[in-house]
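S.K.: Got a structure for you, written out below as structure tokens; questions coming shortly.
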Amino acid sequence: MASDPNRPMLRLRPSAPAQRQPGRQANIQRPEPFPKQRQEQEFTPKFTRLAQLLQRDPTGLSLRADPTALAPERLLVFEVKGDVANFARAVNRVPGLELIDEEELPSDEDKAPFAYLLVPDLTALRQILSLWGTWVSVGELAEGYAPWRDVFACLRDLRVWGPADRVQPLDAGILEDEVDGLNDADLVTVEIELIYRAHASVGVAAENAVVHAIAQVGGVAVHRARIDDIAYHAVLARIPAASIRMLIAGVPGSLAYVEPIMHIRPQSVVTGIEANDSLAPSSPASEPPVSDAAILALLDGVPVAAHPLLRRHLNVEDHFGLEPDALVAQRVHGSAMASLIVHGDRNRPEPPLPRQVHCIPVMGNSDRFPPDRLIVDLIYQAVLQMRGGAQPSAPWVIIVNISLGNLRRPFHGQLSPWARLLDRLAYRFGLLFLVSAGNVIGSFHVPAFDNRIAFEDATAAARAEGVVNALAAIVADRRLLSPSETINGLTIGGRNLDWVSQADRASARANVNPFTDLDTANPSSALGPGFADSVKPDILMPAAREHLRVIGGGGGVTVSPAGPARGAGLKVAAPPRPGIEGAEAFTNGTSAATALASRTAHRIHDALEQAYGQEFLQLQGVHRAVLIKALLVHPARWPSEAAVLVKRLLGPVGKGQAPRQKDNIRRFFGYGVYEADDAVACAADRATFWCVGNLGRERVVDVVVPIPVAMGGQARPHSISATLAWFTPVLPGRKSYRSVRMKILEPGQLDGLAVAGHGTQPDMNQTNRGTVFTRQWSGDRAAVVTDGMTITLQVQRDPDQGASVDEEVPFGLAVSLEMPGELRLYDQVRTRLQPRPPQRAIP
């Protein structure tokens, strides 16, 4: 049933926190060690050589002369078998050792964790050597050093961080393309990430060494940034093409051999959008006053702030001075995103938002990142300007739209600095970041069809099958784009949906709609999963019906995503065109989907403000932010036909394969799709409750949900669903990056309500890896409901990973009861809760 704005969401309150009941101890097995003989044969030569060199040269100078030797101030890579969970403890036993990073890469055999250690001096190096010698001769180590025993026994490889690590293959390929055809002296901009050193003075010395090395090859440092909160230290530099060619080739003496450097990457490039088929704007309807107390910020390109659809609705803070150089005719991205946030898709006019949107441009001319700034630092400074310091420029902002991505940084398991930054800022300031998953717009092969005619003439079902199979075959090439792997933020994918009229649909270009009858993700929408195998994208939002252009044939057809158009696009404000002032045009993609998600987030805030007034506004900003996060995901469901199709085509088939089947489905859909109105209000046959609170370490709270009598005694479909969201503190460089974990315990009254876990949702292990935990229980047998009955949901904070987090962590909870067609449901629970009358107020 359609949502009814006169039926607001209903507030619940958590109980006082109680001590978490100790659960069953996890049976953490130590990894099976390698045979000791194998370890001695593999690594004794390295340690023996180290001992001999130190004996001949106690100063260690000869070690420093050999770029492959274990040496002081050199980054060492320990690759171990299985999960040596207490590696950090092993490191802490050797004074001065710095654990720079940890990561866990999948392998066919088992988990393959990597630890990156920086050995500060000869004393630390000698102690590692001594520990190895003791382990080899005795097999055990002194009390407190047992973790090193596990490290040595499970060591798969030990090597020095080298040139091939500093310039990864993907980055080398991009740089090779950049220097192709350039003269040796032509300059190319690169981002040089330094090995982050905790001591600022050591970091300064390392930076100076890198800047000196840049100058030595004829380059120049353009911008520098060090952000301690996320263990980030980088230099933006312009390097001669000849030097770029040398570092790609790994030539000794090139920048690839400069030891303080962690990575050399091509400069970040933003994913662009199109705004096509410009037309004269329709006159905006008479609008109510707009408050200047913004709760939503847009970090994007410079918008056309004087556009008739935007001029009353934007507060533009040009903190970085990008507006003067941004040609008005090229202000596409920021204008389109602002328009979608304020008005939604103009194909389906909706009331504008009641508050202004706070805009800080982070892209300049041609909708590109500034050429002389590191984008990570740019975003950092923008958020500090809004929410930090004694006089923040937008103190009420709790929602931030990031419809941007680094085209050159697909997610391959390791968090990007940009994602780490968003996670830290989310927790520090209580901000909900909504981030686009990214668009992968390259062509791909569809082998199911011999030629264009066969592709066009196929049935809708056959064409959809062919395209889904083609995308599944190249899933590794369609990963999320940085920073969409963020843990604390929500990642938005593109849904194959728009509101184009039938007349305009008929005028669509001669391209092919691959999903005529299927509610699914757009072909270009980047696919998950996210960091630590978490569910990503979180949700899909409308991104227009994306058509495919056939660009080749022979042994199948080759297609590429077509641009937006009047017949397949979202209608937005656009820069003026010749003869058209205040134009409108059509766009698509995950950037647009993210803007619509931000609009929905704002509408959730508006609805709760309308219903609860000061009671809602006086909640802490972080509580409102995590609540909106929960409510934004809460209605999402896998599109049934599309999920069945993915399961049938990709499988795998067989007993016990359900988790892998669900893994394939969530790559495409995350938690799912929904109608935006369902996130904002209830219906006669659906009641949604909300609750906020705080949880201390290993604490649990009860949330009591009233069950309406109307749900009892009827053998009809009915369901209960619950979604929990929070922001976690983060530990940069650790596998236990997500410090705080929460979950909803399985309620004990499910049998009486005749519901059980719904099969079409990510399984418990998949939904327990991020900062959103959501479960659905459903059934169609008659429930036994007595007058005044309740169900208790328990929200629990599990033991912290890594170092304990002592402070309480805010959470938001959404719960829904639904029985389609039972029109008494909402009114019965509302009567029992007796909500306060509305107290409308905007600060």
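Ordered as shown in the structure tokens, chains take letters A, B, and onward, while each chain numbers its residues from 1 and ligands are numbered from 1 in the order shown.
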Show me a table, sorted first by chain and then by increasing residue number, of the residues of region 405-487 of chain A having an atom at most 12 Å from region 751-770 of chain A, each with its shortest atom pair and the distance in Å to one decimal, counting only C-alpha atoms and written as a Markdown table.

M.R.:
| residue | atom | partner | partner_atom | distance |
| --- | --- | --- | --- | --- |
| A:Asp423 | CA | A:Gly770 | CA | 11.5 |
| A:Glu485 | CA | A:Gly770 | CA | 10.3 |
| A:Thr486 | CA | A:Gly770 | CA | 9.3 |
| A:Ile487 | CA | A:Gly770 | CA | 6.0 |

S.K.: If you count only C-alpha atoms, which residues fall within 9 Å of Ala585 (chain A), apart from same-chain ones fewer than 3 positions away, as JSON, numbers by chain?

M.R.: {"A": [275, 276, 277, 278, 279, 280, 281, 336, 565, 566, 569, 570, 571, 572, 573, 574, 575]}

S.K.: Please write the residues from the selection above to a file, keeping N, CA, C and O atoms, as a PDB file, in the first residue's frame.

M.R.:
ATOM      1  N   ALA A 275      25.061  15.795 -19.412  1.00  0.00           N
ATOM      2  CA  ALA A 275      23.733  16.414 -19.330  1.00  0.00           C
ATOM      3  C   ALA A 275      23.357  16.757 -20.769  1.00  0.00           C
ATOM      4  O   ALA A 275      23.850  17.737 -21.340  1.00  0.00           O
ATOM      5  N   ASN A 276      22.516  15.928 -21.360  1.00  0.00           N
ATOM      6  CA  ASN A 276      22.227  16.004 -22.796  1.00  0.00           C
ATOM      7  C   ASN A 276      20.807  16.479 -23.067  1.00  0.00           C
ATOM      8  O   ASN A 276      19.961  16.536 -22.171  1.00  0.00           O
ATOM      9  N   ASP A 277      20.573  16.764 -24.357  1.00  0.00           N
ATOM     10  CA  ASP A 277      19.235  17.144 -24.838  1.00  0.00           C
ATOM     11  C   ASP A 277      18.688  18.357 -24.080  1.00  0.00           C
ATOM     12  O   ASP A 277      17.616  18.300 -23.461  1.00  0.00           O
ATOM     13  N   SER A 278      19.422  19.449 -24.124  1.00  0.00           N
ATOM     14  CA  SER A 278      18.988  20.648 -23.401  1.00  0.00           C
ATOM     15  C   SER A 278      17.667  21.161 -23.935  1.00  0.00           C
ATOM     16  O   SER A 278      17.362  21.077 -25.128  1.00  0.00           O
ATOM     17  N   LEU A 279      16.876  21.699 -23.025  1.00  0.00           N
ATOM     18  CA  LEU A 279      15.599  22.300 -23.411  1.00  0.00           C
ATOM     19  C   LEU A 279      15.301  23.466 -22.495  1.00  0.00           C
ATOM     20  O   LEU A 279      15.902  23.614 -21.434  1.00  0.00           O
ATOM     21  N   ALA A 280      14.371  24.295 -22.924  1.00  0.00           N
ATOM     22  CA  ALA A 280      13.983  25.445 -22.111  1.00  0.00           C
ATOM     23  C   ALA A 280      13.288  24.958 -20.854  1.00  0.00           C
ATOM     24  O   ALA A 280      12.522  23.993 -20.886  1.00  0.00           O
ATOM     25  N   PRO A 281      13.542  25.605 -19.727  1.00  0.00           N
ATOM     26  CA  PRO A 281      12.968  25.114 -18.472  1.00  0.00           C
ATOM     27  C   PRO A 281      11.482  25.434 -18.369  1.00  0.00           C
ATOM     28  O   PRO A 281      10.995  26.421 -18.903  1.00  0.00           O
ATOM     29  N   ALA A 336      23.612  19.663 -11.767  1.00  0.00           N
ATOM     30  CA  ALA A 336      22.733  18.498 -11.855  1.00  0.00           C
ATOM     31  C   ALA A 336      22.502  17.876 -10.481  1.00  0.00           C
ATOM     32  O   ALA A 336      21.362  17.522 -10.127  1.00  0.00           O
ATOM     33  N   ALA A 565      19.561  10.744 -22.247  1.00  0.00           N
ATOM     34  CA  ALA A 565      18.818  11.459 -23.282  1.00  0.00           C
ATOM     35  C   ALA A 565      17.401  11.701 -22.778  1.00  0.00           C
ATOM     36  O   ALA A 565      17.002  11.196 -21.730  1.00  0.00           O
ATOM     37  N   ARG A 566      16.647  12.456 -23.549  1.00  0.00           N
ATOM     38  CA  ARG A 566      15.262  12.771 -23.167  1.00  0.00           C
ATOM     39  C   ARG A 566      14.446  11.503 -22.976  1.00  0.00           C
ATOM     40  O   ARG A 566      13.556  11.452 -22.125  1.00  0.00           O
ATOM     41  N   GLY A 569      16.533   9.318 -19.184  1.00  0.00           N
ATOM     42  CA  GLY A 569      17.359  10.156 -18.318  1.00  0.00           C
ATOM     43  C   GLY A 569      16.556  10.794 -17.208  1.00  0.00           C
ATOM     44  O   GLY A 569      15.315  10.746 -17.199  1.00  0.00           O
ATOM     45  N   LEU A 570      17.266  11.378 -16.270  1.00  0.00           N
ATOM     46  CA  LEU A 570      16.669  12.150 -15.189  1.00  0.00           C
ATOM     47  C   LEU A 570      16.796  13.625 -15.550  1.00  0.00           C
ATOM     48  O   LEU A 570      17.865  14.090 -15.928  1.00  0.00           O
ATOM     49  N   LYS A 571      15.719  14.366 -15.405  1.00  0.00           N
ATOM     50  CA  LYS A 571      15.671  15.759 -15.850  1.00  0.00           C
ATOM     51  C   LYS A 571      16.182  16.679 -14.742  1.00  0.00           C
ATOM     52  O   LYS A 571      15.685  16.645 -13.611  1.00  0.00           O
ATOM     53  N   VAL A 572      17.178  17.512 -15.099  1.00  0.00           N
ATOM     54  CA  VAL A 572      17.865  18.324 -14.088  1.00  0.00           C
ATOM     55  C   VAL A 572      18.130  19.726 -14.612  1.00  0.00           C
ATOM     56  O   VAL A 572      18.091  19.982 -15.815  1.00  0.00           O
ATOM     57  N   ALA A 573      18.435  20.628 -13.682  1.00  0.00           N
ATOM     58  CA  ALA A 573      18.911  21.955 -14.061  1.00  0.00           C
ATOM     59  C   ALA A 573      20.267  21.821 -14.734  1.00  0.00           C
ATOM     60  O   ALA A 573      21.088  20.996 -14.346  1.00  0.00           O
ATOM     61  N   ALA A 574      20.502  22.662 -15.758  1.00  0.00           N
ATOM     62  CA  ALA A 574      21.738  22.562 -16.537  1.00  0.00           C
ATOM     63  C   ALA A 574      22.255  23.960 -16.847  1.00  0.00           C
ATOM     64  O   ALA A 574      21.513  24.948 -16.783  1.00  0.00           O
ATOM     65  N   PRO A 575      23.542  24.055 -17.209  1.00  0.00           N
ATOM     66  CA  PRO A 575      24.088  25.362 -17.597  1.00  0.00           C
ATOM     67  C   PRO A 575      23.359  25.912 -18.812  1.00  0.00           C
ATOM     68  O   PRO A 575      22.748  25.161 -19.581  1.00  0.00           O
TER      69      PRO A 575
END

S.K.: Skipping near chain neighbours, those fewer than 2 positions away, what residues fall within 6 Å of Pro410 (chain A) using only C-alpha atoms, listed as an MDAnalysis selection string?

M.R.: chainID A and resid 479:481

S.K.: Could you check which of A:Ala607, A:Ala241, A:Val204, A:Leu645 is closest to Pro8 (chain A), using only C-alpha atoms?

M.R.: A:Ala607

S.K.: Against region 337-352 of chain A, which residues of region 399-426 of chain A fall within 12 Å? For each one I want the closest pair of atoms and the distance in Å (one decimal), counting only C-alpha atoms, rows by chain and increasing residue number, as a tab-separated table.

M.R.:
residue	atom	partner	partner_atom	distance
A:Ile399	CA	A:Ile341	CA	11.6
A:Val400	CA	A:Ile341	CA	11.2
A:Asn401	CA	A:Met337	CA	8.9
A:Ile402	CA	A:Met337	CA	9.7
A:Ser403	CA	A:Met337	CA	7.6
A:Leu404	CA	A:Met337	CA	10.5

S.K.: May I have the residues from that selection written out with N, CA and C atoms, as a compact mmCIF listing (two decimals), in the first residue's frame?

M.R.:
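Once everything was written out, this is selection.txt:
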# COMPACT_ATOMS: atom_id res chain seq x y z
N ILE A 399 24.24 15.52 6.83
CA ILE A 399 24.22 14.67 5.63
C ILE A 399 25.15 15.32 4.60
N VAL A 400 26.06 14.52 4.02
CA VAL A 400 26.99 15.05 3.03
C VAL A 400 26.92 14.19 1.77
N ASN A 401 26.64 14.83 0.64
CA ASN A 401 26.55 14.13 -0.64
C ASN A 401 27.93 14.16 -1.33
N ILE A 402 28.44 12.97 -1.64
CA ILE A 402 29.71 12.83 -2.37
C ILE A 402 29.42 12.05 -3.65
N SER A 403 28.90 12.73 -4.67
CA SER A 403 28.63 12.08 -5.96
C SER A 403 29.89 12.11 -6.82
N LEU A 404 30.99 11.69 -6.23
CA LEU A 404 32.29 11.76 -6.88
C LEU A 404 33.01 10.44 -6.68

S.K.: Using only C-alpha atoms, determine which residues lie at most 12 Å from Pro417 (chain A), disregarding the query and same-chain residues fewer than 3 positions distant; provide the list as a PyMOL selection string.

M.R.: chain A and resi 191+193-194+196+225-234+263+268+374-377+379-380+406+409+411+414+420-424+482-486+732-733

S.K.: DSSP on the backbone: what in region 491-737 of chain A comes out alpha helix (DSSP H), as a count of residues only?

M.R.: 68

S.K.: Please run DSSP on the backbone and report, as a list in words, all residues within region 163-240 of chain A that come out as strand (DSSP E).

M.R.: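 Going through region 163-240 of chain A, the strand (DSSP E) residues come out as Leu187, Val188, Thr189, Val190, Glu191, Ile192, Glu193, Leu194, Val220, Ala221, Val222, His223, Arg224, Ala225, Arg226, Ile227, Tyr232, His233, Ala234, Val235, Leu236, Ala237, Arg238, Ile239 and Pro240 of chain A.
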
S.K.: Write the residues of the selection above to a file with C-alpha atoms, as a tab-separated table (two decimals), in the first residue's frame.

M.R.:
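selection.tsv, written as the output of this step:
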chain	number	residue	atom	x	y	z
A	187	LEU	CA	55.78	17.08	-16.72
A	188	VAL	CA	53.21	14.57	-15.46
A	189	THR	CA	51.39	14.96	-12.14
A	190	VAL	CA	51.52	12.05	-9.71
A	191	GLU	CA	50.40	11.42	-6.14
A	192	ILE	CA	53.19	10.08	-3.94
A	193	GLU	CA	51.98	8.42	-0.74
A	194	LEU	CA	54.63	8.22	1.95
A	220	VAL	CA	58.72	19.78	-8.36
A	221	ALA	CA	56.47	19.22	-5.32
A	222	VAL	CA	53.14	20.99	-5.82
A	223	HIS	CA	51.15	20.19	-2.67
A	224	ARG	CA	51.75	18.31	0.57
A	225	ALA	CA	49.34	16.91	3.13
A	226	ARG	CA	49.63	14.98	6.38
A	227	ILE	CA	46.42	13.88	8.14
A	232	TYR	CA	47.95	9.70	5.57
A	233	HIS	CA	51.01	11.52	4.29
A	234	ALA	CA	51.33	12.45	0.64
A	235	VAL	CA	52.99	14.77	-1.83
A	236	LEU	CA	51.51	15.90	-5.15
A	237	ALA	CA	54.37	16.32	-7.61
A	238	ARG	CA	55.03	17.05	-11.26
A	239	ILE	CA	57.63	14.65	-12.66
A	240	PRO	CA	59.33	14.63	-16.08

S.K.: Which residues come within 7 Å of region 814-824 of chain A, counting only C-alpha atoms, excluding same-chain residues fewer than 5 positions away, as a list in words?

M.R.: Ala630, Leu631, His634, Ala684, Asp685, Arg686, Ala687, Thr688, Phe689, Trp690, Cys691, Ala710, Met711, Pro717, His718, Ser719, Ile720, Ser721, Ala722, Thr723 and Leu724 of chain A

S.K.: Restricting it to N, CA and C atoms, dump the selection as a compact mmCIF listing (two decimals), in the first residue's frame.

M.R.:
# COMPACT_ATOMS: atom_id res chain seq x y z
N ALA A 630 19.94 4.36 9.14
CA ALA A 630 19.15 3.13 9.30
C ALA A 630 17.87 3.18 8.47
N LEU A 631 17.17 4.31 8.53
CA LEU A 631 15.89 4.42 7.81
C LEU A 631 16.08 4.45 6.29
N HIS A 634 16.56 0.71 5.52
CA HIS A 634 15.54 -0.17 6.09
C HIS A 634 14.50 -0.71 5.09
N ALA A 684 -1.39 2.36 6.17
CA ALA A 684 -2.40 1.77 7.05
C ALA A 684 -2.02 0.35 7.45
N ASP A 685 -1.36 -0.37 6.53
CA ASP A 685 -1.01 -1.76 6.82
C ASP A 685 0.48 -1.94 7.11
N ARG A 686 1.16 -0.84 7.38
CA ARG A 686 2.60 -0.93 7.70
C ARG A 686 2.96 0.14 8.72
N ALA A 687 3.56 -0.27 9.80
CA ALA A 687 4.02 0.67 10.83
C ALA A 687 5.53 0.57 10.96
N THR A 688 6.19 1.71 10.90
CA THR A 688 7.64 1.76 11.08
C THR A 688 7.95 2.55 12.34
N PHE A 689 8.80 2.01 13.16
CA PHE A 689 9.21 2.61 14.42
C PHE A 689 10.66 3.06 14.32
N TRP A 690 11.01 4.05 15.13
CA TRP A 690 12.41 4.49 15.18
C TRP A 690 12.86 4.64 16.61
N CYS A 691 14.16 4.51 16.78
CA CYS A 691 14.73 4.54 18.12
C CYS A 691 16.20 4.94 18.00
N ALA A 710 -4.48 -6.99 15.34
CA ALA A 710 -4.91 -7.25 13.96
C ALA A 710 -4.01 -8.23 13.23
N MET A 711 -2.76 -8.41 13.67
CA MET A 711 -1.86 -9.34 13.01
C MET A 711 -2.12 -10.78 13.39
N PRO A 717 0.28 -13.32 4.52
CA PRO A 717 1.67 -12.87 4.60
C PRO A 717 1.81 -11.70 5.57
N HIS A 718 2.80 -11.77 6.41
CA HIS A 718 3.11 -10.68 7.33
C HIS A 718 4.61 -10.75 7.65
N SER A 719 5.15 -9.64 8.13
CA SER A 719 6.60 -9.61 8.33
C SER A 719 6.98 -8.63 9.43
N ILE A 720 8.17 -8.86 9.96
CA ILE A 720 8.85 -7.95 10.88
C ILE A 720 10.24 -7.72 10.30
N SER A 721 10.69 -6.50 10.30
CA SER A 721 12.04 -6.21 9.83
C SER A 721 12.68 -5.18 10.76
N ALA A 722 13.99 -5.25 10.86
CA ALA A 722 14.71 -4.34 11.75
C ALA A 722 16.06 -4.01 11.13
N THR A 723 16.45 -2.74 11.24
CA THR A 723 17.72 -2.27 10.68
C THR A 723 18.43 -1.42 11.72
N LEU A 724 19.67 -1.75 11.98
CA LEU A 724 20.51 -1.06 12.96
C LEU A 724 21.66 -0.39 12.22

S.K.: Write out as JSON, numbers by chain each polymer residue whose atoms come within 8 Å of region 791-796 of chain A, counting only C-alpha atoms; drop sequence neighbours fewer than 6 positions from it.

M.R.: {"A": [20, 695, 698, 699, 700, 701, 702, 703, 704, 705, 706, 707, 742, 743, 744, 745, 746, 747, 748, 749]}

S.K.: Quick one: pull the distance between CA of Ser436 (chain A) and CA of Arg797 (chain A), Å, one decimal.

M.R.: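 Pair CA of Ser436 (chain A) / CA of Arg797 (chain A) returns 28.8 Å.
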
S.K.: Quick one: residues within 8 Å of region 427-432 of chain A, only C-alpha atoms counted, chain neighbours fewer than 5 positions away excluded, as a list in words?

M.R.: Arg387, Val397, Ile398, Ile399, Val400, Asn488, Gly489, Leu490, Gly621, Val622, His623, Ala625, Val626, Lys629, Phe727, Thr728 and Pro729 of chain A

S.K.: How many Å lie between CA of Leu76 (chain A) and CA of Ile244 (chain A), rounded to one decimal?

M.R.: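 Atom-to-atom, CA of Leu76 (chain A) to CA of Ile244 (chain A), that is 24.8 Å.
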
S.K.: CA of Leu497 (chain A) and CA of Leu314 (chain A), how far apart in Å?

M.R.: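 Computing the Euclidean distance for CA of Leu314 (chain A) and CA of Leu497 (chain A) yields 26.9 Å.
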
S.K.: Which residue is closest to Asp171 (chain A)? Choose from A:Gly670, A:Pro72, A:Gly388, A:Pro266 and count only C-alpha atoms.

M.R.: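 When distances to Asp171 (chain A) are compared using only C-alpha atoms, the smallest one comes from A:Pro266.
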
S.K.: Point out the residue among A:Glu102, A:Glu287, A:Asp827, A:Asp292 with the least atom-to-atom distance to Gln356 (chain A), counting only C-alpha atoms.

M.R.: A:Asp292

S.K.: Using only C-alpha atoms, which residue out of A:Ala215, A:Ala18, A:Gly162, A:Ala803 lies closest to Leu70 (chain A)?

M.R.: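 Nearest to Leu70 (chain A): A:Gly162.
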
S.K.: Can you work out which one of A:Leu309, A:Ala293, A:Ala69, A:Leu407 has the shortest atom-to-atom distance to Arg355 (chain A), counting only C-alpha atoms?

M.R.: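 Using only C-alpha atoms, Arg355 (chain A) sits closest to A:Ala293.
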